[in-house]
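Below: the structure, in structure tokens.
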Amino acid sequence: MTERLTDIGPPHYEKFLPPVVKENYGKWKYHEILKPGVMVHVSESGAKLFTVRMASPRLLATDTIRWIADLAEKYCGGYLRWTSRNNVEFLLTDESNIDPLIGEIKKNGFIIGGMGNSISNIVHTQGWVHCHSSATDASGIVKAVMDDLSQHFENMDLPGKLRIALACCLNMCGAVHCSDIAILGTHQRPPRIEHDTLDKFCEIPNVVSACPTAAIRPATVDGKPSVEVLEENCMYCGNCYTVCPSMPLNNAETDGISIWVGGKVSDARSIPKFSKLAIPFIPNNPPRWPEVVEAVHNIVDVWAKNAKKYERMGDWIERIGWPEFFRLTGIEFTKYHIDDFKHAGLSFKRTAQMRHLPEE
Amino acid sequence: MAASIEDVANAMFEIVKDGAGSKKYKPSDLTKMMVEKLETDKKTCKAAIKELVNSGRLVYTYFGGSFLEIPHKEGAAPD
Amino acid sequence: MADEKATPLLDELEKGPYPSFVREIKLAAKNNKMAAGVLHQLEKSYRDKIGYWKHGGIVGVMGYGGGVIGRYSALPDDFPEVAHFHTLRVNQPAGWFYTADVLRKICDMWDKHGSGLTNMHGSTGDMVLLGTRTEELESVFGELTKMGFDLGGSGSDVRTPSCCVGPARCEWACFDTLKTCYEITQHYQDELHRPAFPYKYKFKFAGCANDCVAAIARSDMSFIGTWKDDIQQDDEEIKNYAKAGLDIQSDVVENCPGKCMTWDPDNMKLTIDNSYCLKCMHCINVLPKALRPGKQRGVTILLGAKAPIVEGALLSSVLIPFYDIDNEGLDDLFELVEDGIWDVWTENGKNRERVGEFIQRVGMGNFLESIGLEPDPHMISHPRDNPYIFFDQEDEEEEA
């Protein structure tokens with residue numbers, strides 16, 4: 001029997017770097033986008049590395065990965081990488097291979113793009129494919145929204161970069177909270193308490209302390225130790241469910257989506273910022289969530305029409321002001337848009353500086 | 001005399017066993033208790049936990065945070 | 001009677017121009033019963049508008065407390081193929097580089113032992129092998145380690161570190177993100193596999209302030225490349241951009257947050273007052289042939305980002321304004337992390353309290369003191385504006 005290996009860590013990345021990368025590591029001088037989805041990096045030595053970026057649904061079958069591997073072997077000496085937004089990047093040294101590669105990619109129903117002033121892939125979570133606490137599916141909405149926006153993936157026709165992310169509940173495995181547009185699975189009802197099993201499965205002090213709003217209290221129900229939820233204090237975060245499986249809050253009738261706008265992570269021009277609430281709730285409507293697709297489409301369109309060159313969603317909204325954002329997009333402003341969690345007052349308007357909207 | 005890794009492991013195991021079903025312990029809880037109770041340090045505690053897990057006497061479990069528990073029947077929730 | 005194998009709702013998601021995940025699941029389902037089970041349970045979710053998975057917190061590989069996410073169908077009688085559907089997080093190579101060869105080996109292994117479905121990649125950066133049975137976990141782990149791969153993190157441990165493409169293919173990388181990521185991952189194998197913290201601890205490495213890995217939003221400890229000296233400037237290339245029609249004044253100068261640039265259109269001369277440059281990257285992004293980061297490069301290290309759970313979302317904030325990481329190495333950092341940050345946080349943090357939340361609770365000033373760092377005005381956007389100051393009582397008495 002061979003020895004059981006542990007704690008070896010990931011393989012060293014150098015094993016997987018193409019020769020052109022090894023030779024020019026740290027010596028890249030500049031890059032240019034040659035056309036949508038294709039760029040070249042030029043080294044101080046004059047060496048060139050061409051990158052073809054292909055969209056991926058993130059959820060991939062092994063057969064598709066084998067197909068990707070075959071393409072890399074045929075056109076790229078067997079080398080490729082994935083990006084932080086789940087796109088595939090083929091790494092070529094022979095420029096004449098670019099178009100044949102793209103031809104094969106398109107023939108198999110995949111598309112290229114996601115560079116420059118475009119939308120890149122939507123980073124997203126597991127949803128109904130694999131998650132226990134999801135308020136919605138992830139892959140299905142991403143597919144429907146990207147079908148609708150794919151022209152902005154395949155062309156660089158937007159004012160600036162557009163980064164959309166989706167998380168299927170506010171655990172945010174996808175950390176969508178700093179995206180131009182965040183699509184967020186949202187619960188609207190407090191957890192159901194399964195008193196029969198709670199004491200057996202969950203440690204009550206742990207459950208009580210899991211609640212950010214102190215809405216959970218120990219209680220005795222039918223002679224058994226359990227907990228009660230002060231429902232008016234519950235904002236359906238699901239933190240209790242994560243520590244205690246006897247408090248599920250998934251609900252087919254009332255789960256859905258909220259939409260957030262104007263976040264970013266890069267420091268370019270303006271500092272990183274959180275996404276802010278645009279639409280508090282849209283019910284789940286599988287398989288294609290047309291209301292979500294339309295809402296995102298509308299926001300993208302209004303931004304694309306009104307923003308200056310390079311202006312990200314959040315920078316544009318800061319320039320025109322939130323009242324104008326709601327007017328231009330036609331999105332209704334409600335009491336839910338006004339923060340009432342910790343430090344809420346910081347988001348109130350504390351100045352009389354203001355642009356008044358034109359009379360209707 | 002300083003407690004050996006084995007002494008610390010045994011003491012930790014007793015605490016987890018006594019708490020089973022009512023109180024769950026994180027590695028840091030056990031370490032803090034040992035440092036207070038026995039003549040030992042964090043490094044020894046870490047080795048003791050590794051020993052307990054490698055030998056199968058305790059397992060890591062996860063429900064919104066990682067804990068050390070006596071192995072029990074698998075499932076979405078302990079039966 | 002309805003065809004139990006029909007998936008009319010999911011079929012709708014095979015249509016349209018964007019690559020379809022349904023096509024992927026169906027592809028795997030041809031030869032794999034687990035993938036077929038996922039397909040049919042998912043169709044039911046689409047019909048009922050609700051998920052059918054339960055979390056299970058006990059499965060793993062021997063000796064590790066992370067890397068496996070236990071998952072069970074809530075409807076095991078209807079979908080017995082996915083009664084168990086555990087995920088393995090496999091630590092990706094830094095920068096997500098692969099060869100065709102190694103990918104095929106992983107695929108062969110996963111067809112044999114799992115669902116044939118993957119996520120390339122998970123949100124934290126791991127290669128995600130989606131769905132297998134408890135009894136397969138040790139075999140998968142054994143085969144992975146034989147191929148030179150290991151599991152990533154989950155639970156209250158160091159989560160799999162990740163980095164941008166860095167100097168491997170980017171002229172803007174201000175430090176070696178791949179090397180740093182690899183070395184830190186190897187150094188913290190124990191902390192990655194054996195959860196010992198109050199909650200998760202993520203590292204992310206971005207080569208410049210464009211932050212392609214969202215380090216500032218998504219990692220407890222964020223490394224962002226920067227520089228101290230002047231932007232490297234090629235005046236001839238600037239002229240070329242201007243001649244080609246780029247409006248340097250409106251596209252570059254007016255977007256500069258440091259307001260440190262002027263453009264002389266008559267002489268086609270861009271002047272940068274580098275002492276006011278904020279290293280935001282905008283001008284370099286727009287003029288990649290003409291402008292480059294300076295030569296005195298390093299990182300800004302920030303602490304505390306997280307998603308909303310439990311006490312609200314946070315962005316990382318500055319801990320070390322500048323560190324020449326490629327030349328000064330990692331030893332001092334390891335000491336700060338292990339004997340400073342982790343020690344204080346593990347000793348005093350509550351269950352599920354991220355380090356950012358911990359700092360909010362105890363106060364940044366106290367936290368800095370406890371880890372032995374001096375306060376620095378680079379760490380704040382402005383000094384406090386409330387007068388509720390907790391003065392150290394000993395100091396008062398000494399002065400009296």
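Going by the structure tokens order, chains are called A, B, ..., each with residues numbered from 1, while ligands are numbered from 1 in the order shown.
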Using only C-alpha atoms, what does the table of segment 173-279 of chain C residues within 12 Å of segment 149-163 of chain A look like, with each row giving the shortest atom pair and its distance in Å to one decimal, sorted by chain and ascending number, as a Markdown table?
| residue | atom | partner | partner_atom | distance |
| --- | --- | --- | --- | --- |
| C:Asn210 | CA | A:Lys161 | CA | 11.6 |
| C:Cys212 | CA | A:Arg163 | CA | 11.1 |
| C:Ala214 | CA | A:Arg163 | CA | 11.3 |
| C:Asp251 | CA | A:Pro159 | CA | 11.6 |
Residues of segment 157-365 of chain C in strand (DSSP E or B), written as number ranges by chain: C: 158, 162-163, 201, 203-206, 221-227, 232-233, 261-264, 269-272, 291-292, 297-303, 306, 314, 317-323
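Taking atom CA of Val102 of chain C as the reference point, atom CA of Thr51 of chain A is found at 20.3 Å.
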Check: which chain A residues lie within 10 Å of chain B using only C-alpha atoms, as an MDAnalysis selection string: chainID A and resid 197 199:207 210 239:246
Long-range neighbours of Gln186 of chain C as a list of chain:residue names, 10 Å cut-off, only C-alpha atoms, 4 positions minimum in chain: A:Asp7, A:Ile8, A:Gly9, A:Pro10, A:Pro11, A:His12, C:Thr180, C:Cys181, C:Tyr182, C:Asp190, C:Leu192
At a cut-off of 9 Å, using only C-alpha atoms, what residues contact Leu58 of chain B? Leave out same-chain residues fewer than 4 positions from it and give the result as a JSON list (two decimals) with all heavy atoms, in the first residue's frame.
[["chain", "number", "residue", "atom", "x", "y", "z"],
["B", 13, "PHE", "N", -10.50, 15.03, 25.13],
["B", 13, "PHE", "CA", -11.50, 14.02, 24.75],
["B", 13, "PHE", "C", -12.58, 13.90, 25.81],
["B", 13, "PHE", "O", -13.77, 13.85, 25.49],
["B", 13, "PHE", "CB", -10.81, 12.67, 24.53],
["B", 13, "PHE", "CG", -11.76, 11.59, 24.10],
["B", 13, "PHE", "CD1", -12.17, 11.51, 22.77],
["B", 13, "PHE", "CD2", -12.24, 10.65, 25.01],
["B", 13, "PHE", "CE1", -13.06, 10.53, 22.36],
["B", 13, "PHE", "CE2", -13.13, 9.67, 24.61],
["B", 13, "PHE", "CZ", -13.55, 9.60, 23.28],
["B", 16, "VAL", "N", -15.01, 16.85, 25.55],
["B", 16, "VAL", "CA", -15.93, 16.74, 24.41],
["B", 16, "VAL", "C", -16.96, 15.66, 24.68],
["B", 16, "VAL", "O", -18.15, 15.83, 24.40],
["B", 16, "VAL", "CB", -15.14, 16.44, 23.11],
["B", 16, "VAL", "CG1", -16.10, 16.20, 21.95],
["B", 16, "VAL", "CG2", -14.21, 17.60, 22.78],
["B", 49, "ILE", "N", -4.89, 18.00, 19.34],
["B", 49, "ILE", "CA", -6.08, 17.97, 18.48],
["B", 49, "ILE", "C", -5.81, 17.16, 17.23],
["B", 49, "ILE", "O", -6.61, 16.33, 16.81],
["B", 49, "ILE", "CB", -6.53, 19.41, 18.15],
["B", 49, "ILE", "CG1", -7.09, 20.10, 19.40],
["B", 49, "ILE", "CG2", -7.57, 19.41, 17.03],
["B", 49, "ILE", "CD1", -7.32, 21.59, 19.27],
["B", 52, "LEU", "N", -5.94, 13.58, 18.12],
["B", 52, "LEU", "CA", -7.32, 13.11, 18.35],
["B", 52, "LEU", "C", -8.06, 12.89, 17.03],
["B", 52, "LEU", "O", -8.82, 11.94, 16.89],
["B", 52, "LEU", "CB", -8.08, 14.14, 19.20],
["B", 52, "LEU", "CG", -7.74, 14.17, 20.69],
["B", 52, "LEU", "CD1", -8.25, 15.47, 21.32],
["B", 52, "LEU", "CD2", -8.33, 12.96, 21.40],
["B", 53, "VAL", "N", -7.83, 13.77, 16.07],
["B", 53, "VAL", "CA", -8.54, 13.67, 14.79],
["B", 53, "VAL", "C", -7.94, 12.58, 13.92],
["B", 53, "VAL", "O", -8.65, 11.77, 13.33],
["B", 53, "VAL", "CB", -8.55, 15.03, 14.07],
["B", 53, "VAL", "CG1", -9.14, 14.90, 12.67],
["B", 53, "VAL", "CG2", -9.34, 16.06, 14.86],
["B", 54, "ASN", "N", -6.59, 12.53, 13.89],
["B", 54, "ASN", "CA", -5.95, 11.49, 13.07],
["B", 54, "ASN", "C", -6.28, 10.09, 13.57],
["B", 54, "ASN", "O", -6.38, 9.15, 12.78],
["B", 54, "ASN", "CB", -4.43, 11.69, 13.04],
["B", 54, "ASN", "CG", -4.04, 12.83, 12.12],
["B", 54, "ASN", "OD1", -4.85, 13.28, 11.31],
["B", 54, "ASN", "ND2", -2.82, 13.31, 12.25],
["B", 68, "LEU", "N", -15.30, 20.34, 17.20],
["B", 68, "LEU", "CA", -14.78, 18.98, 17.36],
["B", 68, "LEU", "C", -15.82, 18.16, 18.11],
["B", 68, "LEU", "O", -16.32, 18.58, 19.15],
["B", 68, "LEU", "CB", -13.45, 19.02, 18.15],
["B", 68, "LEU", "CG", -12.24, 19.51, 17.36],
["B", 68, "LEU", "CD1", -11.11, 19.88, 18.30],
["B", 68, "LEU", "CD2", -11.78, 18.46, 16.35],
["B", 69, "GLU", "N", -16.14, 16.99, 17.56],
["B", 69, "GLU", "CA", -17.15, 16.15, 18.20],
["B", 69, "GLU", "C", -16.74, 14.69, 18.18],
["B", 69, "GLU", "O", -15.88, 14.29, 17.41],
["B", 69, "GLU", "CB", -18.51, 16.30, 17.48],
["B", 69, "GLU", "CG", -19.11, 17.70, 17.56],
["B", 69, "GLU", "CD", -20.51, 17.74, 16.95],
["B", 69, "GLU", "OE1", -21.39, 17.04, 17.46],
["B", 69, "GLU", "OE2", -20.69, 18.45, 15.95],
["B", 70, "ILE", "N", -17.42, 13.90, 19.02],
["B", 70, "ILE", "CA", -17.30, 12.45, 18.97],
["B", 70, "ILE", "C", -17.93, 12.00, 17.64],
["B", 70, "ILE", "O", -18.98, 12.52, 17.29],
["B", 70, "ILE", "CB", -18.10, 11.81, 20.13],
["B", 70, "ILE", "CG1", -17.68, 12.40, 21.47],
["B", 70, "ILE", "CG2", -18.02, 10.29, 20.08],
["B", 70, "ILE", "CD1", -16.49, 11.77, 22.11],
["B", 71, "PRO", "N", -17.31, 11.08, 16.92],
["B", 71, "PRO", "CA", -17.91, 10.65, 15.66],
["B", 71, "PRO", "C", -19.32, 10.12, 15.89],
["B", 71, "PRO", "O", -19.57, 9.39, 16.83],
["B", 71, "PRO", "CB", -17.00, 9.52, 15.18],
["B", 71, "PRO", "CG", -15.75, 9.64, 15.96],
["B", 71, "PRO", "CD", -16.08, 10.33, 17.23]]
DSSP helix (DSSP H, G or I) selection over segment 186-336 of chain C, as a ChimeraX atom specification: /C:186-187,189-193,215-218,235-243,248-255,274-276,282-286,325-328,331-336
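Here the question is which of C:Tyr72, C:Phe97, C:Phe149, C:Tyr18 gets nearest to chain B using only C-alpha atoms, and that residue is C:Tyr72.
Distances here use only C-alpha atoms; by that measure, the residue among B:Ser4, B:Thr61, B:Ser66, B:Asn10 closest to Thr40 of chain B is B:Ser4.
Computed from the coordinates, the atom CA of Leu17 of chain A to atom CA of Ala168 of chain C distance equals 7.9 Å.
Interface residues of chain C facing chain B, defined by any atom at most 8 Å away and using only C-alpha atoms, are Lys54, His55, Gly56, Gly57, Ile58, Val59, Met62, Gly63, Tyr64, Gly65, Gly70, Arg71, Tyr72, Gly155, Ser156, Pro195, Ala196, Phe197, Pro198, Tyr199, Thr346, Glu347, Asn351 and Arg352 of chain C.
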Residues of the last selection are to be written out with C-alpha atoms, as an mmCIF file, in the first residue's frame.
data_model
loop_
_atom_site.group_PDB
_atom_site.id
_atom_site.type_symbol
_atom_site.label_atom_id
_atom_site.label_comp_id
_atom_site.auth_asym_id
_atom_site.auth_seq_id
_atom_site.Cartn_x
_atom_site.Cartn_y
_atom_site.Cartn_z
ATOM 1 C CA LYS C 54 -29.791 19.590 3.010
ATOM 2 C CA HIS C 55 -26.440 20.522 4.477
ATOM 3 C CA GLY C 56 -24.472 17.932 6.340
ATOM 4 C CA GLY C 57 -21.596 18.992 8.491
ATOM 5 C CA ILE C 58 -19.813 15.789 9.295
ATOM 6 C CA VAL C 59 -18.306 14.232 6.157
ATOM 7 C CA MET C 62 -9.441 11.526 7.387
ATOM 8 C CA GLY C 63 -7.701 14.123 9.502
ATOM 9 C CA TYR C 64 -8.993 17.191 7.663
ATOM 10 C CA GLY C 65 -11.730 19.505 8.871
ATOM 11 C CA GLY C 70 -21.497 17.638 2.925
ATOM 12 C CA ARG C 71 -24.704 17.689 0.928
ATOM 13 C CA TYR C 72 -27.764 15.408 0.843
ATOM 14 C CA GLY C 155 -15.315 25.925 7.689
ATOM 15 C CA SER C 156 -13.455 27.978 10.278
ATOM 16 C CA PRO C 195 -10.077 24.603 11.331
ATOM 17 C CA ALA C 196 -8.915 26.348 14.482
ATOM 18 C CA PHE C 197 -10.297 29.860 14.097
ATOM 19 C CA PRO C 198 -13.520 31.594 15.154
ATOM 20 C CA TYR C 199 -14.495 31.588 11.465
ATOM 21 C CA THR C 346 -8.668 33.265 18.010
ATOM 22 C CA GLU C 347 -8.287 34.061 21.698
ATOM 23 C CA ASN C 351 -18.030 31.847 16.879
ATOM 24 C CA ARG C 352 -18.622 33.038 13.283
#
Distance query segment 177-181 of chain A at most 9 Å, only C-alpha atoms, self and fewer than 2 positions along chain excluded, as JSON, numbers by chain: {"A": [161, 162, 163, 164, 165, 166, 172, 174, 175, 183, 259, 260, 261, 262, 263, 264, 265, 272, 273, 274, 275, 276, 296, 299, 300, 312, 313, 314], "C": [214, 217, 307, 308, 313]}
Given the selection you just returned, output its residues as a file containing N, CA, C and O atoms, formatted as a compact mmCIF listing (two decimals), in the first residue's frame.
# COMPACT_ATOMS: atom_id res chain seq x y z
N LYS A 161 -16.67 49.23 -17.99
CA LYS A 161 -16.84 47.82 -17.64
C LYS A 161 -18.16 47.62 -16.91
O LYS A 161 -18.60 48.48 -16.15
N LEU A 162 -18.76 46.45 -17.13
CA LEU A 162 -20.01 46.11 -16.45
C LEU A 162 -19.82 44.77 -15.77
O LEU A 162 -19.59 43.76 -16.43
N ARG A 163 -19.88 44.80 -14.43
CA ARG A 163 -19.66 43.58 -13.66
C ARG A 163 -20.94 43.21 -12.93
O ARG A 163 -21.38 43.92 -12.02
N ILE A 164 -21.54 42.10 -13.36
CA ILE A 164 -22.76 41.62 -12.71
C ILE A 164 -22.41 40.38 -11.91
O ILE A 164 -21.58 39.57 -12.32
N ALA A 165 -23.03 40.24 -10.75
CA ALA A 165 -22.80 39.05 -9.93
C ALA A 165 -24.12 38.60 -9.34
O ALA A 165 -25.04 39.41 -9.16
N LEU A 166 -24.21 37.31 -9.06
CA LEU A 166 -25.43 36.77 -8.48
C LEU A 166 -25.11 35.89 -7.29
O LEU A 166 -24.23 35.04 -7.35
N MET A 172 -24.10 35.21 0.52
CA MET A 172 -23.24 35.75 -0.54
C MET A 172 -21.94 35.00 -0.70
O MET A 172 -20.86 35.59 -0.60
N GLY A 174 -20.94 34.34 -3.28
CA GLY A 174 -20.39 35.04 -4.43
C GLY A 174 -19.95 36.45 -4.09
O GLY A 174 -19.49 37.17 -4.95
N ALA A 175 -20.08 36.86 -2.84
CA ALA A 175 -19.70 38.22 -2.44
C ALA A 175 -20.05 39.24 -3.51
O ALA A 175 -19.20 39.91 -4.07
N ILE A 183 -27.45 40.64 -8.34
CA ILE A 183 -28.75 39.96 -8.30
C ILE A 183 -28.69 39.05 -7.09
O ILE A 183 -27.81 38.19 -6.99
N ILE A 259 -32.45 43.44 -6.42
CA ILE A 259 -31.42 43.91 -7.35
C ILE A 259 -30.73 45.15 -6.78
O ILE A 259 -31.39 46.07 -6.28
N TRP A 260 -29.40 45.14 -6.85
CA TRP A 260 -28.55 46.15 -6.23
C TRP A 260 -27.64 46.72 -7.29
O TRP A 260 -27.22 45.99 -8.20
N VAL A 261 -27.30 47.99 -7.19
CA VAL A 261 -26.52 48.62 -8.26
C VAL A 261 -25.40 49.51 -7.71
O VAL A 261 -25.46 49.99 -6.58
N GLY A 262 -24.40 49.71 -8.56
CA GLY A 262 -23.43 50.78 -8.31
C GLY A 262 -22.21 50.42 -7.48
O GLY A 262 -21.50 51.31 -7.03
N GLY A 263 -21.94 49.14 -7.27
CA GLY A 263 -20.74 48.77 -6.52
C GLY A 263 -19.56 48.55 -7.45
O GLY A 263 -19.71 48.40 -8.66
N LYS A 264 -18.37 48.58 -6.90
CA LYS A 264 -17.18 48.24 -7.67
C LYS A 264 -16.06 47.84 -6.72
O LYS A 264 -16.10 48.19 -5.54
N VAL A 265 -15.06 47.10 -7.24
CA VAL A 265 -13.90 46.74 -6.41
C VAL A 265 -12.63 47.46 -6.82
O VAL A 265 -11.71 47.58 -6.03
N PRO A 272 -13.36 51.80 -4.16
CA PRO A 272 -14.33 50.69 -4.14
C PRO A 272 -15.58 51.07 -3.36
O PRO A 272 -15.50 51.84 -2.40
N LYS A 273 -16.72 50.54 -3.79
CA LYS A 273 -17.94 50.84 -3.05
C LYS A 273 -18.93 49.69 -3.12
O LYS A 273 -18.87 48.85 -4.02
N PHE A 274 -19.83 49.67 -2.15
CA PHE A 274 -20.87 48.65 -2.10
C PHE A 274 -21.96 48.94 -3.14
O PHE A 274 -22.20 50.08 -3.51
N SER A 275 -22.64 47.88 -3.54
CA SER A 275 -23.84 48.03 -4.35
C SER A 275 -24.99 48.48 -3.44
O SER A 275 -25.04 48.11 -2.28
N LYS A 276 -25.90 49.28 -4.02
CA LYS A 276 -27.03 49.80 -3.24
C LYS A 276 -28.35 49.28 -3.82
O LYS A 276 -28.44 48.99 -5.01
N VAL A 296 -32.83 44.04 -15.29
CA VAL A 296 -31.39 44.22 -15.52
C VAL A 296 -31.16 44.91 -16.86
O VAL A 296 -30.36 45.86 -16.97
N ILE A 299 -31.81 48.65 -16.58
CA ILE A 299 -30.75 49.38 -15.87
C ILE A 299 -29.52 49.53 -16.76
O ILE A 299 -28.92 50.60 -16.86
N VAL A 300 -29.15 48.44 -17.45
CA VAL A 300 -27.98 48.47 -18.32
C VAL A 300 -28.21 49.49 -19.45
O VAL A 300 -27.34 50.31 -19.76
N ARG A 312 -18.31 53.91 -14.57
CA ARG A 312 -18.98 52.72 -14.07
C ARG A 312 -20.35 53.10 -13.53
O ARG A 312 -20.63 54.25 -13.23
N MET A 313 -21.20 52.09 -13.36
CA MET A 313 -22.57 52.32 -12.88
C MET A 313 -22.61 53.25 -11.66
O MET A 313 -23.36 54.23 -11.63
N GLY A 314 -21.79 52.94 -10.65
CA GLY A 314 -21.84 53.71 -9.40
C GLY A 314 -21.35 55.13 -9.58
O GLY A 314 -21.88 56.06 -8.96
N ALA C 214 -10.94 40.89 -6.74
CA ALA C 214 -11.84 41.47 -5.74
C ALA C 214 -11.31 41.28 -4.32
O ALA C 214 -12.07 41.05 -3.39
N ALA C 217 -12.82 43.38 -1.49
CA ALA C 217 -14.21 43.11 -1.11
C ALA C 217 -14.39 41.72 -0.53
O ALA C 217 -15.39 41.45 0.14
N ALA C 307 -18.62 39.40 3.35
CA ALA C 307 -20.02 39.53 2.92
C ALA C 307 -20.90 39.81 4.15
O ALA C 307 -20.39 39.83 5.27
N PRO C 308 -22.20 40.04 3.97
CA PRO C 308 -23.03 40.54 5.09
C PRO C 308 -23.07 39.68 6.36
O PRO C 308 -23.10 40.23 7.45
N ALA C 313 -21.83 43.73 5.71
CA ALA C 313 -20.68 43.62 4.81
C ALA C 313 -19.62 44.66 5.16
O ALA C 313 -19.93 45.74 5.65
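Coordinates place atom CA of Gly258 of chain C at a distance of 11.1 Å from atom CA of Cys283 of chain C.
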Residue neighbourhood Pro19 of chain C, 10 Å, only C-alpha atoms, exclusion window fewer than 2 positions, as a PyMOL selection string: (chain A and resi 54-58+108-111+143+146-147) or (chain C and resi 13-17+21-24)
Preceding selection exported with C-alpha atoms as an mmCIF file, in the first residue's frame:
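Below you can see part.cif, which holds the result:
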data_model
loop_
_atom_site.group_PDB
_atom_site.id
_atom_site.type_symbol
_atom_site.label_atom_id
_atom_site.label_comp_id
_atom_site.auth_asym_id
_atom_site.auth_seq_id
_atom_site.Cartn_x
_atom_site.Cartn_y
_atom_site.Cartn_z
ATOM 1 C CA MET A 54 -14.288 32.245 -24.002
ATOM 2 C CA ALA A 55 -17.464 32.471 -21.939
ATOM 3 C CA SER A 56 -18.278 29.549 -19.702
ATOM 4 C CA PRO A 57 -21.407 28.643 -17.736
ATOM 5 C CA ARG A 58 -18.982 27.793 -14.847
ATOM 6 C CA ASN A 108 -19.608 24.149 -30.414
ATOM 7 C CA GLY A 109 -22.013 26.854 -29.237
ATOM 8 C CA PHE A 110 -19.622 28.881 -27.071
ATOM 9 C CA ILE A 111 -18.893 32.598 -27.501
ATOM 10 C CA LYS A 143 -28.183 32.011 -18.335
ATOM 11 C CA MET A 146 -26.609 36.611 -20.270
ATOM 12 C CA ASP A 147 -28.693 35.412 -23.220
ATOM 13 C CA LEU C 13 -32.500 27.066 -20.656
ATOM 14 C CA GLU C 14 -30.772 25.223 -23.482
ATOM 15 C CA LYS C 15 -32.026 27.937 -25.837
ATOM 16 C CA GLY C 16 -30.285 31.258 -26.462
ATOM 17 C CA PRO C 17 -26.764 32.380 -27.377
ATOM 18 C CA PHE C 21 -25.376 24.834 -17.834
ATOM 19 C CA VAL C 22 -28.325 22.573 -18.660
ATOM 20 C CA ARG C 23 -26.460 21.303 -21.683
ATOM 21 C CA GLU C 24 -23.546 20.522 -19.361
#
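Comparing the minimum interatomic distances between chain C and each of A:Ala268, A:Val142, A:Ile119, A:Val227, counting only C-alpha atoms, we find that A:Ala268 sits nearest.
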Lys35 of chain A surroundings by only C-alpha atoms, 12 Å radius, close-in-sequence under 4 positions cut, as a count of residues only: 20
